[in-house]
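Participant: What follows is input_19.txt, made up of compact mmCIF, C-alpha atoms and all ligand atoms:
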# COMPACT_ATOMS: atom_id res chain seq x y z
CA MET D 75 109.94 65.87 169.67
CA SER D 76 106.89 68.10 169.76
CA TYR D 77 105.57 70.79 172.08
CA THR D 78 103.77 69.93 175.32
CA LEU D 79 101.09 72.35 176.50
CA PHE D 80 99.80 72.25 180.07
CA HIS D 81 96.21 73.33 179.70
CA ALA D 82 93.10 73.63 181.86
CA ASP D 83 89.59 73.93 180.50
CA SER D 84 88.41 77.54 180.14
CA ALA D 85 91.79 78.93 181.26
CA VAL D 86 94.14 81.38 179.52
CA SER D 87 95.91 78.34 178.03
CA VAL D 88 93.16 78.33 175.38
CA VAL D 89 95.22 81.10 173.69
CA PRO D 90 98.31 78.97 172.87
CA LEU D 91 96.05 75.98 172.21
CA ILE D 92 94.30 77.91 169.41
CA LEU D 93 97.61 79.14 168.00
CA LEU D 94 99.24 75.68 168.05
CA ARG D 95 96.26 74.41 166.07
CA GLN D 96 96.10 77.37 163.70
CA LEU D 97 99.80 77.03 162.89
CA ASN D 98 99.52 73.22 162.51
CA ILE D 99 102.25 72.68 165.07
CA ALA D 100 102.64 69.13 166.45
CA HIS D 101 101.80 69.20 170.15
CA GLU D 102 100.64 67.14 173.08
CA VAL D 103 98.17 68.54 175.60
CA VAL D 104 98.47 67.70 179.28
CA LEU D 105 95.06 68.48 180.69
CA VAL D 106 94.96 69.59 184.32
CA GLU D 107 92.03 70.66 186.45
CA TYR D 108 92.22 74.29 187.50
CA ASP D 109 91.12 73.45 191.07
CA ASP D 110 93.81 70.77 191.32
CA ILE D 111 96.62 73.11 190.32
CA ALA D 112 95.31 75.90 192.55
CA ALA D 113 95.25 73.43 195.48
CA ARG D 114 98.63 71.96 194.42
CA LYS D 115 97.04 68.49 194.62
CA ASP D 116 99.54 65.65 194.64
CA LEU D 117 98.67 64.27 191.20
CA PRO D 118 101.09 63.15 188.44
CA ALA D 119 100.11 65.96 186.01
CA VAL D 120 100.33 68.61 188.74
CA ARG D 121 103.74 67.26 189.83
CA ARG D 122 104.94 67.42 186.20
CA LEU D 123 103.71 71.00 185.91
CA LEU D 124 105.26 72.11 189.21
CA ALA D 125 108.58 70.61 188.14
CA ILE D 126 108.77 73.04 185.20
CA ASN D 127 106.83 76.03 186.63
CA PRO D 128 106.86 76.67 190.39
CA LEU D 129 103.70 78.78 189.98
CA ALA D 130 101.90 75.82 188.36
CA GLN D 131 100.31 78.12 185.80
CA VAL D 132 98.42 77.25 182.68
CA PRO D 133 99.59 77.89 180.08
CA THR D 134 103.01 76.36 180.55
CA LEU D 135 104.63 75.15 177.37
CA LEU D 136 107.56 72.77 177.00
CA THR D 137 109.38 73.43 173.74
CA PRO D 138 110.83 70.59 171.65
CA ASP D 139 114.21 71.56 173.18
CA GLY D 140 112.82 70.87 176.64
CA ILE D 141 112.67 74.56 177.59
CA SER D 142 109.82 75.56 179.89
CA MET D 143 107.87 78.68 178.93
CA SER D 144 105.13 80.45 180.84
CA GLU D 145 103.28 83.73 180.14
CA SER D 146 100.79 83.60 177.30
CA THR D 147 102.30 86.60 175.51
CA ALA D 148 105.83 85.15 175.58
CA ILE D 149 104.49 81.82 174.28
CA VAL D 150 102.49 83.48 171.48
CA LEU D 151 105.45 85.59 170.36
CA TYR D 152 107.76 82.55 170.42
CA LEU D 153 105.37 80.38 168.38
CA LEU D 154 104.89 83.18 165.84
CA HIS D 155 108.65 83.68 165.60
CA GLU D 156 109.32 79.97 165.09
CA HIS D 157 106.30 78.92 163.03
CA GLY D 158 104.35 81.99 161.90
CA ARG D 159 106.33 83.10 158.84
CA GLY D 160 104.29 83.07 155.66
CA THR D 161 101.10 82.10 157.50
CA PRO D 162 98.03 84.35 157.98
CA TRP D 163 99.37 85.01 161.51
CA ASP D 164 102.73 86.41 160.33
CA LEU D 165 103.49 89.68 162.14
CA GLU D 166 105.34 90.87 159.02
CA LYS D 167 101.91 91.56 157.53
CA LEU D 168 101.24 94.28 160.08
CA THR D 169 102.00 97.93 159.42
CA ARG D 170 104.34 99.79 161.81
CA ALA D 171 101.32 101.38 163.48
CA GLN D 172 99.51 98.05 163.84
CA LEU D 173 102.63 96.44 165.29
CA ALA D 174 102.87 99.19 167.93
CA GLY D 175 99.25 98.58 168.95
CA PHE D 176 99.83 94.83 168.86
CA TYR D 177 102.79 94.84 171.26
CA ARG D 178 101.17 97.31 173.64
CA LEU D 179 97.99 95.29 174.09
CA MET D 180 99.78 91.93 174.15
CA VAL D 181 101.45 93.17 177.34
CA VAL D 182 98.56 95.22 178.79
CA ILE D 183 96.32 92.14 178.87
CA PRO D 184 98.52 89.97 181.14
CA ALA D 185 99.94 92.97 183.03
CA VAL D 186 96.67 94.77 183.82
CA VAL D 187 93.63 92.63 182.99
CA TYR D 188 94.68 89.18 184.26
CA PRO D 189 95.71 90.37 187.75
CA ALA D 190 92.34 92.13 188.11
CA ILE D 191 90.61 88.80 187.37
CA GLY D 192 92.51 87.33 190.31
CA TYR D 193 91.53 90.17 192.69
CA GLU D 194 87.87 89.58 191.93
CA ASP D 195 87.86 85.77 191.73
CA PHE D 196 90.35 84.92 194.49
CA PRO D 197 90.49 87.86 196.94
CA GLU D 198 91.48 85.46 199.75
CA ARG D 199 94.85 84.95 198.02
CA TYR D 200 95.78 88.57 198.62
CA ILE D 201 94.95 88.93 202.27
CA VAL D 202 96.36 87.21 205.35
CA VAL D 203 93.80 87.01 208.15
CA PRO D 204 95.03 86.16 211.67
CA ALA D 205 92.94 83.35 213.20
CA GLU D 206 91.64 85.64 215.96
CA ASN D 207 90.27 88.06 213.31
CA ALA D 208 88.39 85.48 211.25
CA GLU D 209 85.12 87.44 211.22
CA GLU D 210 86.71 90.77 210.23
CA GLY D 211 88.68 88.79 207.62
CA LYS D 212 85.46 87.63 205.95
CA GLN D 213 84.32 91.25 205.69
CA ALA D 214 87.69 92.36 204.35
CA ILE D 215 87.55 89.64 201.67
CA LYS D 216 84.08 90.87 200.64
CA TRP D 217 85.44 94.43 200.30
CA MET D 218 88.43 93.17 198.36
CA LYS D 219 86.11 91.27 195.99
CA ALA D 220 84.05 94.43 195.44
CA GLY D 221 87.23 96.42 194.75
CA GLY D 222 88.40 93.65 192.44
CA TYR D 223 85.14 93.83 190.48
CA GLN D 224 85.67 97.56 190.05
CA LYS D 225 89.30 97.12 188.97
CA LEU D 226 88.24 94.40 186.56
CA GLY D 227 85.75 96.73 184.88
CA GLU D 228 88.36 99.50 184.72
CA SER D 229 90.89 97.15 183.11
CA TYR D 230 88.46 96.17 180.31
CA LYS D 231 87.56 99.83 179.78
CA LEU D 232 91.28 100.57 179.51
CA VAL D 233 91.60 98.00 176.70
CA GLU D 234 88.54 99.55 175.01
CA SER D 235 90.02 103.05 175.20
CA ILE D 236 93.39 101.83 173.84
CA LEU D 237 91.60 100.16 170.91
CA SER D 238 89.49 103.22 170.25
CA ASP D 239 92.44 105.63 170.46
CA PHE D 240 94.58 103.33 168.30
CA ASN D 241 91.97 103.11 165.57
CA LYS D 242 91.41 106.89 165.56
CA ARG D 243 95.14 107.59 165.30
CA ALA D 244 95.81 104.88 162.73
CA TYR D 245 92.77 105.38 160.51
CA GLY D 246 91.42 108.84 161.36
CA ALA D 247 88.53 110.14 163.44
CA ASP D 248 85.93 108.62 161.08
CA SER D 249 87.12 105.12 161.87
CA GLU D 250 84.64 104.99 164.75
CA ALA D 251 81.84 105.00 162.19
CA THR D 252 83.29 102.33 159.92
CA THR D 253 82.90 98.65 160.63
CA ILE D 254 86.30 97.45 161.68
CA LYS D 255 86.13 93.70 162.08
CA PHE D 256 89.32 93.02 164.00
CA ALA D 257 91.01 94.85 166.88
CA LEU D 258 93.78 96.57 164.92
CA GLY D 259 91.69 97.25 161.82
CA THR D 260 93.20 94.29 159.95
CA GLN D 261 91.24 92.29 157.38
CA THR D 262 92.04 89.00 159.08
CA ALA D 263 92.53 88.20 162.77
CA THR D 264 95.93 88.61 164.41
CA ALA D 265 97.26 86.74 167.44
CA LEU D 266 96.11 89.73 169.51
CA ASP D 267 92.56 88.97 168.41
CA ILE D 268 92.97 85.41 169.74
CA MET D 269 94.19 86.83 173.04
CA LEU D 270 91.23 89.23 173.22
CA ALA D 271 88.76 86.53 172.20
CA VAL D 272 89.78 84.51 175.26
CA THR D 273 90.10 87.53 177.56
CA VAL D 274 86.51 88.72 176.96
CA HIS D 275 85.27 85.54 178.67
CA TYR D 276 86.56 86.81 182.01
CA ALA D 277 84.90 90.26 181.75
CA PRO D 278 82.67 91.47 184.60
CA HIS D 279 79.28 89.80 184.94
CA PRO D 280 76.74 89.73 183.47
CA ARG D 281 78.58 88.38 180.45
CA PRO D 282 78.42 89.13 177.58
CA LYS D 283 76.00 92.01 178.30
CA TRP D 284 78.46 94.03 180.43
CA LEU D 285 81.05 93.95 177.69
CA GLU D 286 78.62 94.81 174.90
CA GLU D 287 77.41 97.84 176.85
CA ASN D 288 80.75 99.07 178.15
CA CYS D 289 83.29 97.98 175.56
CA PRO D 290 81.48 97.82 172.19
CA ARG D 291 84.63 97.80 170.07
CA LEU D 292 86.24 95.00 172.07
CA PHE D 293 82.94 93.11 172.11
CA ALA D 294 82.58 93.34 168.31
CA SER D 295 86.12 92.35 167.36
CA ALA D 296 86.35 89.55 169.93
CA SER D 297 82.95 88.14 168.91
CA SER D 298 84.14 88.06 165.28
CA THR D 299 87.26 86.15 166.32
CA VAL D 300 85.49 83.66 168.59
CA ASN D 301 83.27 82.65 165.67
CA ILE D 302 86.01 82.05 163.08
CA PRO D 303 85.70 78.44 161.81
CA GLY D 304 88.52 76.42 163.37
CA ILE D 305 88.80 78.83 166.29
CA VAL D 306 85.20 78.45 167.46
CA ASP D 307 85.89 74.75 168.19
CA ALA D 308 88.25 75.60 171.05
CA PHE D 309 85.45 77.66 172.64
CA ARG D 310 82.85 74.96 172.05
CA GLU D 311 85.12 72.41 173.79
CA SER D 312 85.35 74.58 176.91
CA VAL D 313 82.77 74.46 179.67
CA HIS D 314 82.70 78.17 180.46
CA LEU D 315 83.73 79.81 177.19
CA LYS D 316 80.44 79.80 175.30
CA PRO D 317 78.65 83.14 175.76
CA PHE D 318 80.26 84.77 172.72
CA ILE D 319 79.50 81.91 170.30
CA ARG D 320 76.84 82.89 167.76
CA ASP D 321 74.51 80.04 166.90
N1 LIG Y 401 100.28 85.95 183.23
C1 LIG Y 401 99.98 84.58 182.96
C2 LIG Y 401 98.73 84.21 183.70
C3 LIG Y 401 98.45 82.72 183.64
C4 LIG Y 401 97.55 82.31 184.78
O1 LIG Y 401 97.58 82.89 185.88
N2 LIG Y 401 96.74 81.31 184.54
C5 LIG Y 401 95.83 80.85 185.56
C6 LIG Y 401 94.68 80.13 184.90
S1 LIG Y 401 93.71 81.19 183.86
C7 LIG Y 401 96.58 79.85 186.44
O2 LIG Y 401 97.28 79.02 185.94
N3 LIG Y 401 96.42 79.94 187.75
C8 LIG Y 401 96.99 78.96 188.64
C9 LIG Y 401 97.16 79.51 189.99
O3 LIG Y 401 97.17 80.75 190.10
O4 LIG Y 401 97.31 78.73 190.92
C10 LIG Y 401 99.79 84.37 181.47
O5 LIG Y 401 99.53 85.35 180.77
O6 LIG Y 401 99.93 83.24 180.97
Mind converting the file's structure to structure tokens?
Ligand SMILES: N[C@@H](CCC(=O)N[C@@H](CS)C(=O)NCC(=O)O)C(=O)O

Facilitator:
Amino acid sequence: MSYTLFHADSAVSVVPLILLRQLNIAHEVVLVEYDDIAARKDLPAVRRLLAINPLAQVPTLLTPDGISMSESTAIVLYLLHEHGRGTPWDLEKLTRAQLAGFYRLMVVIPAVVYPAIGYEDFPERYIVVPAENAEEGKQAIKWMKAGGYQKLGESYKLVESILSDFNKRAYGADSEATTIKFALGTQTATALDIMLAVTVHYAPHPRPKWLEENCPRLFASASSTVNIPGIVDAFRESVHLKPFIRD
């Protein structure tokens, strides 16, 4: 029995997809269309997904024991726990300080950044417009989208400030001037870098310019990760995840 990953092109499920590949874990991918799951279309793959996750989210991962897992951070931590020991992705390699930064950001991303993506991309999901107020509803959705865009920018700037503060505290004030390749100042990428490398693709438009101008540290470390041989393939395969590829 192997893992089964429910995955949609250009979705957050690219994170566990990269990790499954990096850790050489046997897995099957069930590809779903994002629009089909959002519309709950009556299709075999969508029915299979709904049966194990009522929110029909990607990623959803079925473990070899038949346990359904959602939430990218939970999935990443589980895969590292089960298969990461002794690999370049082993969390044992991190210092205490790096581990603190790792856990904080692994939760901040899905708790703060991902919801803001939804406010901007799908404002209509968060507002119920009575039929007789259809016109005002359109205006309200426009305002909600504008507010979502603002929140989205704030959430990326929050990640930038956490990275900047972390690096100053962990490595001293001069660390700003040194070239730190990966988010937590490690020599090789961590699973957090994979998470950030995917997350940067949903930053405010224009991408990648907005991120480079507003979040230079995040931009630099995520661009390094996107372009790692073996990881870059997952971005090349995706329709919308190309702006950070260097070539
Ligand atoms: N907090 C979740 C977010 C996953 C998520 O919302 N994924 C989106 C695609 S990027 C999704 O499946 N949306 C389906 C829907 O909302 O209907 C995680 O970190 O895995």

Participant: Take CA of Ser297 in chain D and CA of Lys255 in chain D and report the distance between them in Å, one decimal.

Facilitator: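 We find that CA of Ser297 in chain D and CA of Lys255 in chain D lie 9.4 Å from each other.
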
Participant: Considering all atoms listed in the file, can you say which of D:Ala265, D:Ala185, D:Ala244, D:Leu165 comes closest to ligand LIG 401 (chain Y)?

Facilitator: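 Closest to ligand LIG 401 (chain Y) of all the choices is D:Ala185.
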
Participant: Per residue of chain D within 7 Å of ligand LIG 401 (chain Y), what are the shortest atom pair and its distance in Å to one decimal, counting all atoms listed in the file, with rows by chain and residue number, as CSV?

Facilitator:
residue,atom,partner,partner_atom,distance
D:Ala85,CA,Y:LIG401,S1,3.9
D:Val86,CA,Y:LIG401,S1,4.4
D:Ser87,CA,Y:LIG401,S1,6.9
D:Tyr108,CA,Y:LIG401,C8,6.8
D:Ile111,CA,Y:LIG401,O4,5.7
D:Ala112,CA,Y:LIG401,O4,3.8
D:Leu129,CA,Y:LIG401,O4,6.5
D:Ala130,CA,Y:LIG401,C8,5.8
D:Gln131,CA,Y:LIG401,O2,3.2
D:Val132,CA,Y:LIG401,O2,3.9
D:Pro133,CA,Y:LIG401,O6,5.4
D:Ser144,CA,Y:LIG401,O6,5.9
D:Glu145,CA,Y:LIG401,O6,3.5
D:Ser146,CA,Y:LIG401,O6,3.8
D:Thr147,CA,Y:LIG401,O5,6.1
D:Pro184,CA,Y:LIG401,O5,4.7
D:Tyr188,CA,Y:LIG401,C2,6.4

Participant: May I have the centre and edge lengths, in Å to one decimal, of an axis-aligned box around the listed atoms of range 275-285 of chain D with 4 Å added to every side, as AutoDock Vina command-line options?

Facilitator:
--center_x 81.3 --center_y 89.8 --center_z 181.3 --size_x 18.6 --size_y 16.5 --size_z 15.4

Participant: Between D:Pro189, D:Pro290, D:Pro282, D:Gly222, single out the one closest to Glu234 in chain D, counting only C-alpha atoms.

Facilitator: D:Pro290

Participant: Which one of D:Ala190, D:Arg178, D:Tyr152, D:Ala308 sits closest to Gln224 in chain D if you count only C-alpha atoms?

Facilitator: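 Using only C-alpha atoms, the shortest distance to Gln224 in chain D belongs to D:Ala190.
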
Participant: Find the residue from D:Leu94, D:Leu136, D:Val88, D:Val120 that sits nearest to His314 in chain D; use only C-alpha atoms when measuring.

Facilitator: D:Val88

Participant: Write range 128-151 of chain D as an mmCIF file, in the frame of the given file, completed to N, CA, C and O atoms.

Facilitator:
data_model
loop_
_atom_site.group_PDB
_atom_site.id
_atom_site.type_symbol
_atom_site.label_atom_id
_atom_site.label_comp_id
_atom_site.auth_asym_id
_atom_site.auth_seq_id
_atom_site.Cartn_x
_atom_site.Cartn_y
_atom_site.Cartn_z
ATOM 1 N N PRO D 128 107.188 76.672 188.965
ATOM 2 C CA PRO D 128 106.860 76.670 190.390
ATOM 3 C C PRO D 128 105.532 77.338 190.710
ATOM 4 O O PRO D 128 104.957 77.115 191.778
ATOM 5 N N LEU D 129 105.004 78.150 189.757
ATOM 6 C CA LEU D 129 103.700 78.780 189.980
ATOM 7 C C LEU D 129 102.557 77.893 189.484
ATOM 8 O O LEU D 129 101.386 78.247 189.635
ATOM 9 N N ALA D 130 102.902 76.777 188.879
ATOM 10 C CA ALA D 130 101.900 75.820 188.360
ATOM 11 C C ALA D 130 100.835 76.519 187.520
ATOM 12 O O ALA D 130 99.645 76.256 187.660
ATOM 13 N N GLN D 131 101.297 77.388 186.614
ATOM 14 C CA GLN D 131 100.310 78.120 185.800
ATOM 15 C C GLN D 131 99.979 77.381 184.508
ATOM 16 O O GLN D 131 100.822 76.667 183.956
ATOM 17 N N VAL D 132 98.775 77.616 184.047
ATOM 18 C CA VAL D 132 98.420 77.250 182.680
ATOM 19 C C VAL D 132 98.130 78.574 181.951
ATOM 20 O O VAL D 132 97.390 79.394 182.497
ATOM 21 N N PRO D 133 98.742 78.808 180.806
ATOM 22 C CA PRO D 133 99.590 77.890 180.080
ATOM 23 C C PRO D 133 101.019 77.806 180.622
ATOM 24 O O PRO D 133 101.579 78.796 181.052
ATOM 25 N N THR D 134 101.562 76.564 180.531
ATOM 26 C CA THR D 134 103.010 76.360 180.550
ATOM 27 C C THR D 134 103.281 75.487 179.344
ATOM 28 O O THR D 134 102.545 74.535 179.061
ATOM 29 N N LEU D 135 104.314 75.865 178.612
ATOM 30 C CA LEU D 135 104.630 75.150 177.370
ATOM 31 C C LEU D 135 106.048 74.622 177.445
ATOM 32 O O LEU D 135 106.963 75.361 177.807
ATOM 33 N N LEU D 136 106.211 73.336 177.132
ATOM 34 C CA LEU D 136 107.560 72.770 177.000
ATOM 35 C C LEU D 136 107.895 72.778 175.514
ATOM 36 O O LEU D 136 107.122 72.230 174.701
ATOM 37 N N THR D 137 109.017 73.392 175.158
ATOM 38 C CA THR D 137 109.380 73.430 173.740
ATOM 39 C C THR D 137 110.030 72.097 173.356
ATOM 40 O O THR D 137 110.423 71.321 174.238
ATOM 41 N N PRO D 138 110.169 71.846 172.059
ATOM 42 C CA PRO D 138 110.830 70.590 171.650
ATOM 43 C C PRO D 138 112.246 70.470 172.208
ATOM 44 O O PRO D 138 112.774 69.375 172.329
ATOM 45 N N ASP D 139 112.869 71.604 172.567
ATOM 46 C CA ASP D 139 114.210 71.560 173.180
ATOM 47 C C ASP D 139 114.153 71.294 174.676
ATOM 48 O O ASP D 139 115.180 71.326 175.350
ATOM 49 N N GLY D 140 112.956 71.129 175.210
ATOM 50 C CA GLY D 140 112.820 70.870 176.640
ATOM 51 C C GLY D 140 112.865 72.136 177.487
ATOM 52 O O GLY D 140 113.069 72.081 178.698
ATOM 53 N N ILE D 141 112.663 73.294 176.851
ATOM 54 C CA ILE D 141 112.670 74.560 177.590
ATOM 55 C C ILE D 141 111.242 74.850 178.058
ATOM 56 O O ILE D 141 110.283 74.730 177.289
ATOM 57 N N SER D 142 111.144 75.255 179.322
ATOM 58 C CA SER D 142 109.820 75.560 179.890
ATOM 59 C C SER D 142 109.498 77.032 179.654
ATOM 60 O O SER D 142 110.306 77.910 179.948
ATOM 61 N N MET D 143 108.307 77.286 179.123
ATOM 62 C CA MET D 143 107.870 78.680 178.930
ATOM 63 C C MET D 143 106.546 78.897 179.640
ATOM 64 O O MET D 143 105.642 78.069 179.551
ATOM 65 N N SER D 144 106.442 80.033 180.326
ATOM 66 C CA SER D 144 105.130 80.450 180.840
ATOM 67 C C SER D 144 104.854 81.820 180.237
ATOM 68 O O SER D 144 105.641 82.313 179.436
ATOM 69 N N GLU D 145 103.726 82.409 180.627
ATOM 70 C CA GLU D 145 103.280 83.730 180.140
ATOM 71 C C GLU D 145 102.759 83.620 178.704
ATOM 72 O O GLU D 145 103.516 83.430 177.746
ATOM 73 N N SER D 146 101.450 83.781 178.590
ATOM 74 C CA SER D 146 100.790 83.600 177.300
ATOM 75 C C SER D 146 101.405 84.479 176.203
ATOM 76 O O SER D 146 101.594 84.019 175.073
ATOM 77 N N THR D 147 101.744 85.722 176.547
ATOM 78 C CA THR D 147 102.300 86.600 175.510
ATOM 79 C C THR D 147 103.654 86.085 175.034
ATOM 80 O O THR D 147 103.923 86.041 173.822
ATOM 81 N N ALA D 148 104.509 85.669 175.969
ATOM 82 C CA ALA D 148 105.830 85.150 175.580
ATOM 83 C C ALA D 148 105.650 83.924 174.684
ATOM 84 O O ALA D 148 106.326 83.782 173.652
ATOM 85 N N ILE D 149 104.719 83.055 175.052
ATOM 86 C CA ILE D 149 104.490 81.820 174.280
ATOM 87 C C ILE D 149 103.998 82.154 172.874
ATOM 88 O O ILE D 149 104.481 81.627 171.875
ATOM 89 N N VAL D 150 103.042 83.095 172.791
ATOM 90 C CA VAL D 150 102.490 83.480 171.480
ATOM 91 C C VAL D 150 103.604 84.067 170.600
ATOM 92 O O VAL D 150 103.755 83.686 169.431
ATOM 93 N N LEU D 151 104.400 84.960 171.166
ATOM 94 C CA LEU D 151 105.450 85.590 170.360
ATOM 95 C C LEU D 151 106.477 84.558 169.903
ATOM 96 O O LEU D 151 106.963 84.598 168.771
#
